[in-house]
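Content type compact mmCIF, C-alpha atoms, from the file target_18.txt:
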```
# COMPACT_ATOMS: atom_id res chain seq x y z
CA MET A 167 47.61 61.56 -157.82
CA VAL A 168 44.73 61.35 -160.31
CA LYS A 169 44.64 57.55 -159.96
CA LEU A 170 44.61 57.84 -156.17
CA VAL A 171 41.65 60.23 -156.25
CA GLU A 172 39.73 57.99 -158.66
CA THR A 173 40.47 54.91 -156.56
CA TRP A 174 39.13 56.75 -153.50
CA ARG A 175 35.95 57.67 -155.38
CA ILE A 176 35.45 54.06 -156.44
CA PHE A 177 36.03 52.90 -152.87
CA VAL A 178 33.47 55.37 -151.48
CA ARG A 179 30.75 54.38 -153.98
CA PHE A 180 31.23 50.68 -153.28
CA LEU A 181 31.44 51.32 -149.54
CA TYR A 182 27.98 52.87 -149.72
CA LEU A 183 26.68 49.84 -151.62
CA GLY A 184 28.39 47.53 -149.13
CA CYS A 185 26.35 49.16 -146.36
CA VAL A 186 22.94 48.90 -148.05
CA SER A 187 23.13 45.89 -150.42
CA PHE A 188 21.03 43.28 -148.65
CA GLY A 189 19.47 40.33 -150.45
CA GLY A 190 22.34 38.24 -151.81
CA PRO A 191 24.18 38.07 -155.15
CA ALA A 192 21.15 38.55 -157.41
CA ALA A 193 20.21 41.75 -155.55
CA HIS A 194 23.84 42.95 -155.65
CA ILE A 195 23.89 42.64 -159.43
CA GLY A 196 20.74 44.75 -159.62
CA TYR A 197 22.30 47.41 -157.37
CA PHE A 198 25.44 47.49 -159.53
CA ARG A 199 23.50 47.88 -162.77
CA LYS A 200 21.34 50.69 -161.43
CA GLU A 201 24.31 52.52 -159.88
CA PHE A 202 27.02 52.13 -162.52
CA VAL A 203 25.11 51.66 -165.79
CA GLU A 204 21.93 53.69 -165.38
CA GLN A 205 22.99 56.45 -162.98
CA ARG A 206 26.75 56.99 -163.16
CA ARG A 207 27.35 55.46 -166.62
CA TRP A 208 30.76 54.09 -165.74
CA LEU A 209 30.09 51.41 -168.39
CA ASN A 210 27.37 50.67 -170.92
CA SER A 211 24.86 47.80 -170.95
CA ASP A 212 26.92 45.60 -173.28
CA GLN A 213 30.06 46.01 -171.17
CA PHE A 214 28.09 45.24 -168.02
CA ALA A 215 26.56 42.11 -169.60
CA ALA A 216 29.96 40.86 -170.78
CA ASN A 217 31.51 41.29 -167.32
CA LEU A 218 28.51 39.61 -165.68
CA ALA A 219 28.75 36.60 -168.03
CA LEU A 220 32.44 36.20 -167.22
CA CYS A 221 31.83 36.29 -163.47
CA GLN A 222 29.06 33.71 -163.76
CA PHE A 223 31.46 31.46 -165.68
CA LEU A 224 34.30 31.61 -163.16
CA PRO A 225 34.56 29.97 -159.73
CA GLY A 226 34.19 32.32 -156.78
CA PRO A 227 31.72 34.97 -155.60
CA ALA A 228 30.03 36.23 -158.76
CA SER A 229 28.71 39.55 -157.42
CA SER A 230 32.01 40.50 -155.77
CA GLN A 231 33.88 39.54 -158.93
CA LEU A 232 31.50 41.72 -160.93
CA GLY A 233 32.17 44.64 -158.59
CA PHE A 234 35.91 44.02 -158.93
CA ALA A 235 35.60 43.95 -162.74
CA ILE A 236 33.64 47.23 -162.74
CA GLY A 237 36.31 48.81 -160.53
CA CYS A 238 39.03 47.57 -162.92
CA HIS A 239 37.10 48.96 -165.89
CA ARG A 240 36.86 52.33 -164.21
CA GLY A 241 40.25 52.65 -162.52
CA GLY A 242 42.51 49.72 -163.41
CA LEU A 243 43.76 47.23 -160.83
CA TRP A 244 43.72 49.77 -158.00
CA GLY A 245 40.15 50.63 -158.90
CA GLY A 246 39.24 46.95 -158.68
CA LEU A 247 40.85 46.67 -155.24
CA GLY A 248 39.08 49.82 -154.10
CA ALA A 249 35.76 48.38 -155.26
CA PHE A 250 36.41 45.09 -153.45
CA TRP A 251 37.37 46.61 -150.11
CA GLY A 252 34.58 49.17 -150.24
CA PHE A 253 31.93 46.57 -150.92
CA THR A 254 33.36 43.99 -148.49
CA LEU A 255 34.47 46.12 -145.53
CA PRO A 256 31.07 46.53 -143.78
CA SER A 257 30.25 42.82 -143.76
CA PHE A 258 33.87 41.93 -142.94
CA LEU A 259 33.76 44.09 -139.80
CA LEU A 260 30.35 42.78 -138.75
CA MET A 261 31.38 39.13 -139.16
CA TRP A 262 34.66 39.69 -137.33
CA ALA A 263 32.75 41.45 -134.52
CA LEU A 264 30.37 38.50 -134.23
CA ALA A 265 33.26 36.04 -133.92
CA SER A 266 35.05 38.27 -131.41
CA SER A 267 31.91 38.62 -129.28
CA GLN A 268 31.85 34.85 -128.83
CA GLN A 269 35.43 34.89 -127.62
CA HIS A 270 34.63 37.56 -125.01
CA GLY A 271 31.75 35.82 -123.32
CA LEU A 272 28.89 37.27 -125.36
CA GLY A 273 28.53 34.28 -127.65
CA PRO A 274 27.04 31.96 -125.02
CA LEU A 275 24.14 34.39 -124.62
CA LEU A 276 23.19 33.68 -128.21
CA PHE A 277 23.60 29.92 -127.88
CA GLU A 278 21.68 29.67 -124.60
CA SER A 279 18.88 31.96 -125.70
CA GLY A 280 17.71 29.61 -128.45
CA VAL A 281 18.32 32.22 -131.16
CA VAL A 282 20.81 29.94 -132.89
CA GLU A 283 18.27 27.10 -132.98
CA GLY A 284 15.90 29.38 -134.85
CA LEU A 285 18.64 30.42 -137.25
CA LYS A 286 19.49 26.77 -137.91
CA LEU A 287 15.91 26.25 -139.08
CA LEU A 288 16.26 29.26 -141.35
CA ALA A 289 19.46 27.75 -142.76
CA VAL A 290 17.47 24.61 -143.66
CA ALA A 291 14.99 26.74 -145.61
CA VAL A 292 17.64 28.90 -147.29
CA VAL A 293 19.72 25.99 -148.55
CA ALA A 294 16.59 24.21 -149.78
CA ASP A 295 15.68 27.35 -151.72
CA ALA A 296 19.19 27.52 -153.20
CA ILE A 297 18.96 23.85 -154.27
CA TRP A 298 15.59 24.48 -155.92
CA THR A 299 16.77 27.58 -157.78
CA MET A 300 20.12 26.20 -158.90
CA GLY A 301 18.60 22.83 -159.81
CA GLN A 302 16.19 24.53 -162.20
CA GLN A 303 19.06 26.50 -163.71
CA PHE A 304 21.80 23.86 -163.98
CA CYS A 305 20.03 20.46 -164.04
CA ARG A 306 17.56 20.82 -166.89
CA ARG A 307 18.96 17.86 -168.89
CA TRP A 308 19.06 14.24 -167.73
CA ASP A 309 22.87 14.09 -167.82
CA THR A 310 23.33 17.13 -165.58
CA ALA A 311 20.67 15.77 -163.19
CA VAL A 312 22.64 12.50 -163.01
CA ILE A 313 25.86 14.41 -162.28
CA ALA A 314 24.12 16.24 -159.43
CA ALA A 315 22.68 13.01 -158.00
CA LEU A 316 25.97 11.10 -158.18
CA THR A 317 27.79 14.02 -156.55
CA ALA A 318 25.29 14.09 -153.69
CA LEU A 319 25.62 10.32 -153.16
CA ALA A 320 29.42 10.44 -153.23
CA LEU A 321 29.59 13.22 -150.66
CA TRP A 322 26.89 11.63 -148.49
CA TRP A 323 29.01 8.47 -148.43
CA LEU A 324 32.37 10.18 -147.82
CA THR A 325 32.64 13.89 -147.03
CA THR A 326 36.30 14.85 -147.32
CA PRO A 327 38.18 17.59 -149.20
CA LEU A 328 39.58 14.93 -151.55
CA THR A 329 36.08 13.73 -152.39
CA GLN A 330 35.01 17.31 -153.08
CA LEU A 331 37.92 17.82 -155.47
CA ALA A 332 37.37 14.45 -157.14
CA VAL A 333 33.70 15.02 -157.93
CA LEU A 334 34.37 18.50 -159.33
CA ALA A 335 37.17 17.16 -161.53
CA ALA A 336 35.02 14.21 -162.68
CA ALA A 337 32.13 16.53 -163.53
CA ALA A 338 34.44 18.78 -165.57
CA VAL A 339 35.79 15.80 -167.53
CA LEU A 340 32.29 14.40 -168.18
CA GLY A 341 31.05 17.79 -169.34
CA TYR A 342 33.98 18.15 -171.70
CA LEU A 343 33.61 14.64 -173.14
CA ARG A 344 29.85 14.99 -173.68
CA SER A 345 30.14 18.35 -175.40
CA GLU A 346 29.60 18.53 -179.12
CA LYS A 347 32.55 19.19 -181.36
CA PRO A 348 32.30 22.63 -182.94
CA ASN A 349 31.20 22.45 -186.59
CA ARG A 350 33.29 25.45 -187.50
CA PRO A 351 36.74 26.69 -186.52
CA VAL A 352 36.81 28.26 -183.10
CA PRO A 353 38.62 31.56 -182.59
CA GLN A 354 42.00 31.42 -180.94
CA VAL A 355 42.41 32.94 -177.51
CA THR A 356 45.42 35.12 -176.80
CA LEU A 357 45.95 36.30 -173.24
CA PRO A 358 47.70 39.61 -172.62
CA ALA A 359 50.88 39.60 -170.52
CA SER A 360 48.98 40.71 -167.42
CA GLY A 361 46.47 37.90 -167.94
CA LYS A 362 49.19 35.29 -168.30
CA GLY A 363 50.84 36.59 -165.14
CA ALA A 364 47.60 36.46 -163.16
CA LEU A 365 46.86 32.93 -164.39
CA LEU A 366 50.36 31.80 -163.42
CA ILE A 367 49.98 33.29 -159.94
CA PHE A 368 46.59 31.59 -159.56
CA ALA A 369 48.07 28.19 -160.46
CA LEU A 370 51.21 28.56 -158.34
CA VAL A 371 49.32 29.70 -155.24
CA LEU A 372 46.81 26.85 -155.69
CA LEU A 373 49.67 24.35 -155.96
CA ALA A 374 51.36 25.84 -152.87
CA SER A 375 48.05 25.65 -150.98
CA PHE A 376 48.01 21.87 -151.39
CA VAL A 377 51.58 21.68 -150.08
CA ALA A 378 50.71 23.77 -146.99
CA ALA A 379 47.17 22.43 -146.74
CA SER A 380 46.76 23.01 -143.01
CA SER A 381 47.27 26.79 -143.07
CA VAL A 382 44.24 29.07 -142.81
CA PHE A 383 45.06 30.89 -146.04
CA SER A 384 45.47 27.61 -147.97
CA GLN A 385 42.12 26.21 -146.83
CA PHE A 386 40.21 29.31 -147.83
CA TYR A 387 42.15 29.79 -151.08
CA GLN A 388 41.25 26.25 -152.16
CA ALA A 389 37.59 26.87 -151.32
CA GLY A 390 37.56 30.11 -153.32
CA ALA A 391 39.29 28.45 -156.27
CA LEU A 392 36.95 25.45 -156.45
CA VAL A 393 33.49 26.76 -155.62
CA PHE A 394 31.04 27.17 -158.50
CA GLY A 395 27.54 28.45 -157.88
CA GLY A 396 28.03 31.29 -155.40
CA GLY A 397 27.85 31.85 -151.68
CA HIS A 398 25.65 28.90 -150.69
CA VAL A 399 27.90 26.35 -152.39
CA VAL A 400 30.96 27.54 -150.47
CA VAL A 401 29.30 26.23 -147.28
CA PRO A 402 29.87 22.49 -147.90
CA LEU A 403 33.39 23.18 -149.20
CA LEU A 404 34.38 25.15 -146.11
CA GLN A 405 32.66 22.63 -143.84
CA SER A 406 34.74 19.89 -145.47
CA PHE A 407 38.04 21.77 -145.29
CA ILE A 408 37.60 22.98 -141.71
CA GLY A 409 36.13 19.75 -140.34
CA ASP A 410 35.67 19.73 -136.58
CA ALA A 411 37.89 22.77 -135.97
CA VAL A 412 34.73 24.92 -135.76
CA PRO A 413 31.76 23.43 -133.85
CA ALA A 414 28.61 22.95 -135.93
CA ASP A 415 26.65 25.48 -133.84
CA GLN A 416 29.21 28.19 -134.47
CA PHE A 417 29.49 27.34 -138.18
CA LEU A 418 25.72 27.56 -138.73
CA LEU A 419 25.53 30.78 -136.74
CA GLY A 420 28.15 32.29 -139.05
CA TYR A 421 26.27 31.04 -142.10
CA ALA A 422 23.04 32.63 -140.89
CA ALA A 423 24.83 35.88 -140.02
CA ALA A 424 26.44 36.03 -143.48
CA GLN A 425 22.94 36.23 -144.94
CA ALA A 426 21.84 38.86 -142.43
CA VAL A 427 24.59 41.38 -143.16
CA PRO A 428 24.82 43.46 -146.33
CA GLY A 429 27.45 42.70 -148.94
CA PRO A 430 28.95 39.38 -150.02
CA MET A 431 28.06 36.06 -148.37
CA PHE A 432 31.69 35.00 -148.78
CA THR A 433 32.53 37.01 -145.66
CA LEU A 434 31.51 33.86 -143.85
CA ALA A 435 35.26 33.31 -144.31
CA SER A 436 35.97 36.39 -142.18
CA TYR A 437 33.94 34.92 -139.33
CA LEU A 438 35.51 31.47 -139.64
CA GLY A 439 39.06 32.84 -139.82
CA ALA A 440 38.49 34.75 -136.58
CA VAL A 441 36.94 31.68 -134.89
CA LEU A 442 39.80 29.43 -135.99
CA ARG A 443 42.47 31.77 -134.57
CA PRO A 444 40.82 33.71 -131.72
CA GLU A 445 44.19 34.86 -130.35
CA SER A 446 44.63 37.01 -133.51
CA ALA A 447 41.01 37.24 -134.65
CA LEU A 448 41.27 40.38 -136.80
CA THR A 449 44.46 39.24 -138.54
CA PHE A 450 43.13 35.80 -139.42
CA ALA A 451 39.74 37.18 -140.40
CA ALA A 452 41.64 39.24 -142.97
CA VAL A 453 43.80 36.25 -144.01
CA ALA A 454 40.77 34.04 -144.57
CA THR A 455 38.95 36.80 -146.45
CA ALA A 456 41.94 37.39 -148.73
CA GLY A 457 42.27 33.66 -149.32
CA VAL A 458 38.68 33.02 -150.36
CA PHE A 459 38.39 36.09 -152.66
CA LEU A 460 41.84 36.10 -154.26
CA PRO A 461 41.49 33.19 -156.73
CA GLY A 462 38.35 34.60 -158.32
CA PHE A 463 39.93 38.02 -158.72
CA LEU A 464 43.08 36.56 -160.29
CA LEU A 465 40.90 34.74 -162.84
CA VAL A 466 38.98 37.94 -163.61
CA ILE A 467 42.29 39.73 -164.28
CA ALA A 468 43.48 36.80 -166.42
CA LEU A 469 40.39 36.41 -168.63
CA ARG A 470 38.55 39.74 -168.66
CA GLU A 471 40.10 41.00 -171.89
CA SER A 472 39.81 37.63 -173.69
CA TRP A 473 36.39 36.58 -172.46
CA GLN A 474 34.39 37.38 -175.59
CA THR A 475 36.55 35.00 -177.63
CA LEU A 476 36.78 32.27 -174.99
CA SER A 477 33.03 32.14 -174.35
CA GLN A 478 32.39 31.11 -177.97
CA ARG A 479 33.96 27.68 -177.35
CA PRO A 480 31.18 25.07 -176.88
CA ARG A 481 33.35 22.75 -174.82
CA ILE A 482 34.12 25.49 -172.31
CA ALA A 483 30.42 26.16 -171.84
CA ALA A 484 29.62 22.44 -171.49
CA THR A 485 32.36 21.93 -168.92
CA VAL A 486 31.11 24.79 -166.77
CA THR A 487 27.52 23.51 -167.00
CA ALA A 488 28.60 20.11 -165.68
CA VAL A 489 30.58 21.65 -162.82
CA ASN A 490 27.58 23.77 -161.85
CA ALA A 491 25.46 20.59 -161.78
CA ALA A 492 28.00 19.04 -159.40
CA ALA A 493 27.68 22.17 -157.25
CA VAL A 494 23.95 21.44 -156.92
CA GLY A 495 24.79 17.93 -155.74
CA MET A 496 27.21 19.36 -153.18
CA LEU A 497 24.42 21.52 -151.80
CA VAL A 498 22.08 18.53 -151.59
CA ALA A 499 24.70 16.56 -149.63
CA ALA A 500 25.22 19.50 -147.27
CA TRP A 501 21.46 19.86 -146.77
CA PHE A 502 21.05 16.22 -145.78
CA GLY A 503 24.25 16.30 -143.72
CA PRO A 504 25.37 19.18 -141.49
CA ILE A 505 22.46 21.53 -142.28
CA THR A 506 19.47 19.38 -141.30
CA GLY A 507 21.53 17.13 -139.04
CA HIS A 508 22.23 19.93 -136.57
CA ALA A 509 18.87 21.71 -136.86
CA PRO A 510 16.03 21.19 -134.34
CA ALA A 511 13.98 18.05 -135.06
CA GLY A 512 10.27 17.33 -134.78
CA TRP A 513 7.07 18.17 -136.64
CA TRP A 514 6.96 21.72 -135.27
CA ALA A 515 10.47 22.48 -136.46
CA ALA A 516 9.82 20.89 -139.86
CA GLY A 517 6.67 22.99 -140.28
CA VAL A 518 8.54 26.20 -139.46
CA ALA A 519 11.30 25.33 -141.96
CA VAL A 520 8.69 24.67 -144.66
CA LEU A 521 7.06 28.04 -143.98
CA GLY A 522 10.47 29.69 -144.30
CA PHE A 523 11.03 27.92 -147.63
CA VAL A 524 7.64 29.04 -148.95
CA ALA A 525 8.36 32.62 -147.86
CA LEU A 526 11.69 32.58 -149.66
CA ARG A 527 10.15 31.17 -152.84
CA SER A 528 7.46 33.86 -152.81
CA LYS A 529 10.14 36.59 -153.07
CA ARG A 530 7.81 38.81 -151.06
CA VAL A 531 9.38 38.49 -147.62
CA PRO A 532 12.78 40.20 -147.14
CA VAL A 533 15.55 37.96 -145.83
CA GLY A 534 16.11 40.40 -142.95
CA VAL A 535 12.53 39.94 -141.79
CA LEU A 536 12.94 36.16 -141.87
CA ILE A 537 16.14 36.37 -139.84
CA VAL A 538 14.46 38.44 -137.13
CA GLY A 539 11.38 36.22 -137.17
CA PHE A 540 13.30 32.94 -136.91
CA SER A 541 15.55 34.38 -134.19
CA LEU A 542 12.51 35.36 -132.11
CA LEU A 543 10.88 31.96 -132.71
CA GLY A 544 14.05 30.22 -131.56
CA TRP A 545 14.29 32.42 -128.47
CA TRP A 546 10.65 31.75 -127.61
CA GLN A 547 10.54 28.01 -128.36
CA PHE A 548 13.98 26.76 -127.34
```
Any chance you could give the structure as structure tokens?
Amino acid sequence: MVKLVETWRIFVRFLYLGCVSFGGPAAHIGYFRKEFVEQRRWLNSDQFAANLALCQFLPGPASSQLGFAIGCHRGGLWGGLGAFWGFTLPSFLLMWALASSQQHGLGPLLFESGVVEGLKLLAVAVVADAIWTMGQQFCRRWDTAVIAALTALALWWLTTPLTQLAVLAAAAVLGYLRSEKPNRPVPQVTLPASGKGALLIFALVLLASFVAASSVFSQFYQAGALVFGGGHVVVPLLQSFIGDAVPADQFLLGYAAAQAVPGPMFTLASYLGAVLRPESALTFAAVATAGVFLPGFLLVIALRESWQTLSQRPRIAATVTAVNAAAVGMLVAAWFGPITGHAPAGWWAAGVAVLGFVALRSKRVPVGVLIVGFSLLGWWQF
């Protein structure tokens, strides 16, 4: 009974944050620190920093994984699940409602009004901003810049799920081989029984997802298991897995909406699941959401208690750095491919996209204001 009450409390606190946390993963992390370290003191600064470092290291949605880890710290596994559903539920419902509105005749109003054209231009600016930010973070050395460039060229030449997997695997191998051998013995890592179980489940479900590759859950599970770099990087992965099953206009509308709603950007999966299976939109929105979040949460469970030891291994750090550089290349390929390829063309459109990019880089204009502004511009111009 005590655990149930505590889980409910965790759910309620994260539900509140899920309703007000606009601004993307970086803003979410700030909300979490203020709420759970400074105000409620569910964990101290060192514990928060350790959990944050782990979530940045793992594939998947870093801010949602951090919330899950905080919930686990406070209330065990049920606390983690309560944190996840509280933080995700508002954006899940909004994205499902958007997809359902298109199936009931309201979607064409958006497409015909020109709003989507404006949001496509905003997507051009947002992805360019993500490339700039992540490039500065993950491509500081010549070798990581080369990995990013080769990844972009490979995906520009052939955009398939197999190519995506191949470039990520190649980047991981290159990062490992180029890492320096430790000059002192590295500490051994021992996973607890729960961690070993979670890691086994992660691997078995990933293997099964390749066997049943056409199922909705499998496609989104693979994307969640392989995406490094956060919400923007999941876009090219999902675009590759889904292919032509979702028209480009609908995909970009969902991407823009995922930035407009509070909470995690990974609820783009909720929208896409509903669009892919409109006859059971709510069910498949939930299936897709579970698929894209589950791998990251399993890895948090597996490594949370052993992270301090594991993070001291230089080759682990070098491998992750190389994979993050490949993620930058994936974003570049997506920007030159489906993002700009389906956006309005012409000097006027290019100028508007540049203004959006400058506004994003300034950090002074809220994303919500940009969404409204670009929507109105699209409605007026197109």
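Here atom CA of A:Asp415 stands at a distance of 13.9 Å from atom CA of A:Leu442.
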Discussion item. Set the distance at 9 Å and use all atoms listed in the file: which residues neighbour stretch 398-412 of chain A once local chain neighbours fewer than 4 positions away are removed? I'd like the list as a PyMOL selection string.
Written reply: chain A and resi 226+292-293+296+325-327+330+385-386+388-390+392-394+416-417+421+431-432+434-435+438+441-442+493-494+496-497+499-501+504
Residues within 6 Å of (38.3, 32.8, -155.2), file coordinates, counting all atoms listed in the file: what are they? Give the list as a PDB file with C-alpha atoms, in the coordinates of the input.
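part.pdb, freshly written:
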```
ATOM      1  CA  GLY A 226      34.190  32.320-156.780  1.00  0.00           C
ATOM      2  CA  GLY A 390      37.560  30.110-153.320  1.00  0.00           C
ATOM      3  CA  ALA A 391      39.290  28.450-156.270  1.00  0.00           C
ATOM      4  CA  VAL A 458      38.680  33.020-150.360  1.00  0.00           C
ATOM      5  CA  PHE A 459      38.390  36.090-152.660  1.00  0.00           C
ATOM      6  CA  LEU A 460      41.840  36.100-154.260  1.00  0.00           C
ATOM      7  CA  PRO A 461      41.490  33.190-156.730  1.00  0.00           C
ATOM      8  CA  GLY A 462      38.350  34.600-158.320  1.00  0.00           C
TER       9      GLY A 462
END
```
Fill in: Coordinates-based distance that separates atom CA of A:Ala484 from atom CA of A:Ala338 (Å, one decimal)
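If I compute the distance from atom CA of A:Ala338 to atom CA of A:Ala484, I get 8.5 Å.
The space between atom CA of A:Leu418 and atom CA of A:Gly512 spans 18.9 Å.
Summary of the local environment: counting only C-alpha atoms, residues at most 10 Å from A:Pro444, other than itself and those fewer than 4 positions away along its chain, are Ala265, Ser266, Gln268, Gln269, His270, Leu438, Gly439, Ala440, Leu448, Thr449, Phe450 and Ala451 of chain A.
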Worksheet entry | Minimum-distance residue to A:Gly184, chosen among A:Pro428, A:Ala320, A:Ala337, A:Tyr387 (using all atoms listed in the file) |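 Of A:Pro428, A:Ala320, A:Ala337, A:Tyr387, the one nearest A:Gly184 is A:Pro428, counting all atoms listed in the file.
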Item to complete: Find, counting all atoms listed in the file, the residue in A:Gln302, A:Thr254, A:Thr310, A:Asn490 that gets nearest to A:Ala424.
Response: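 For A:Ala424, the nearest of the candidates is A:Thr254.
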Item to complete: Find the residues near stretch 233-237 of chain A: any atom within 7 Å, counting all atoms listed in the file, skip ones fewer than 5 places away on the same chain, and give them as a list in words.
Response: Ile176, Asn217, Gly242, Gly245, Gly246, Leu247, Ala249, Phe250 and Val466 of chain A
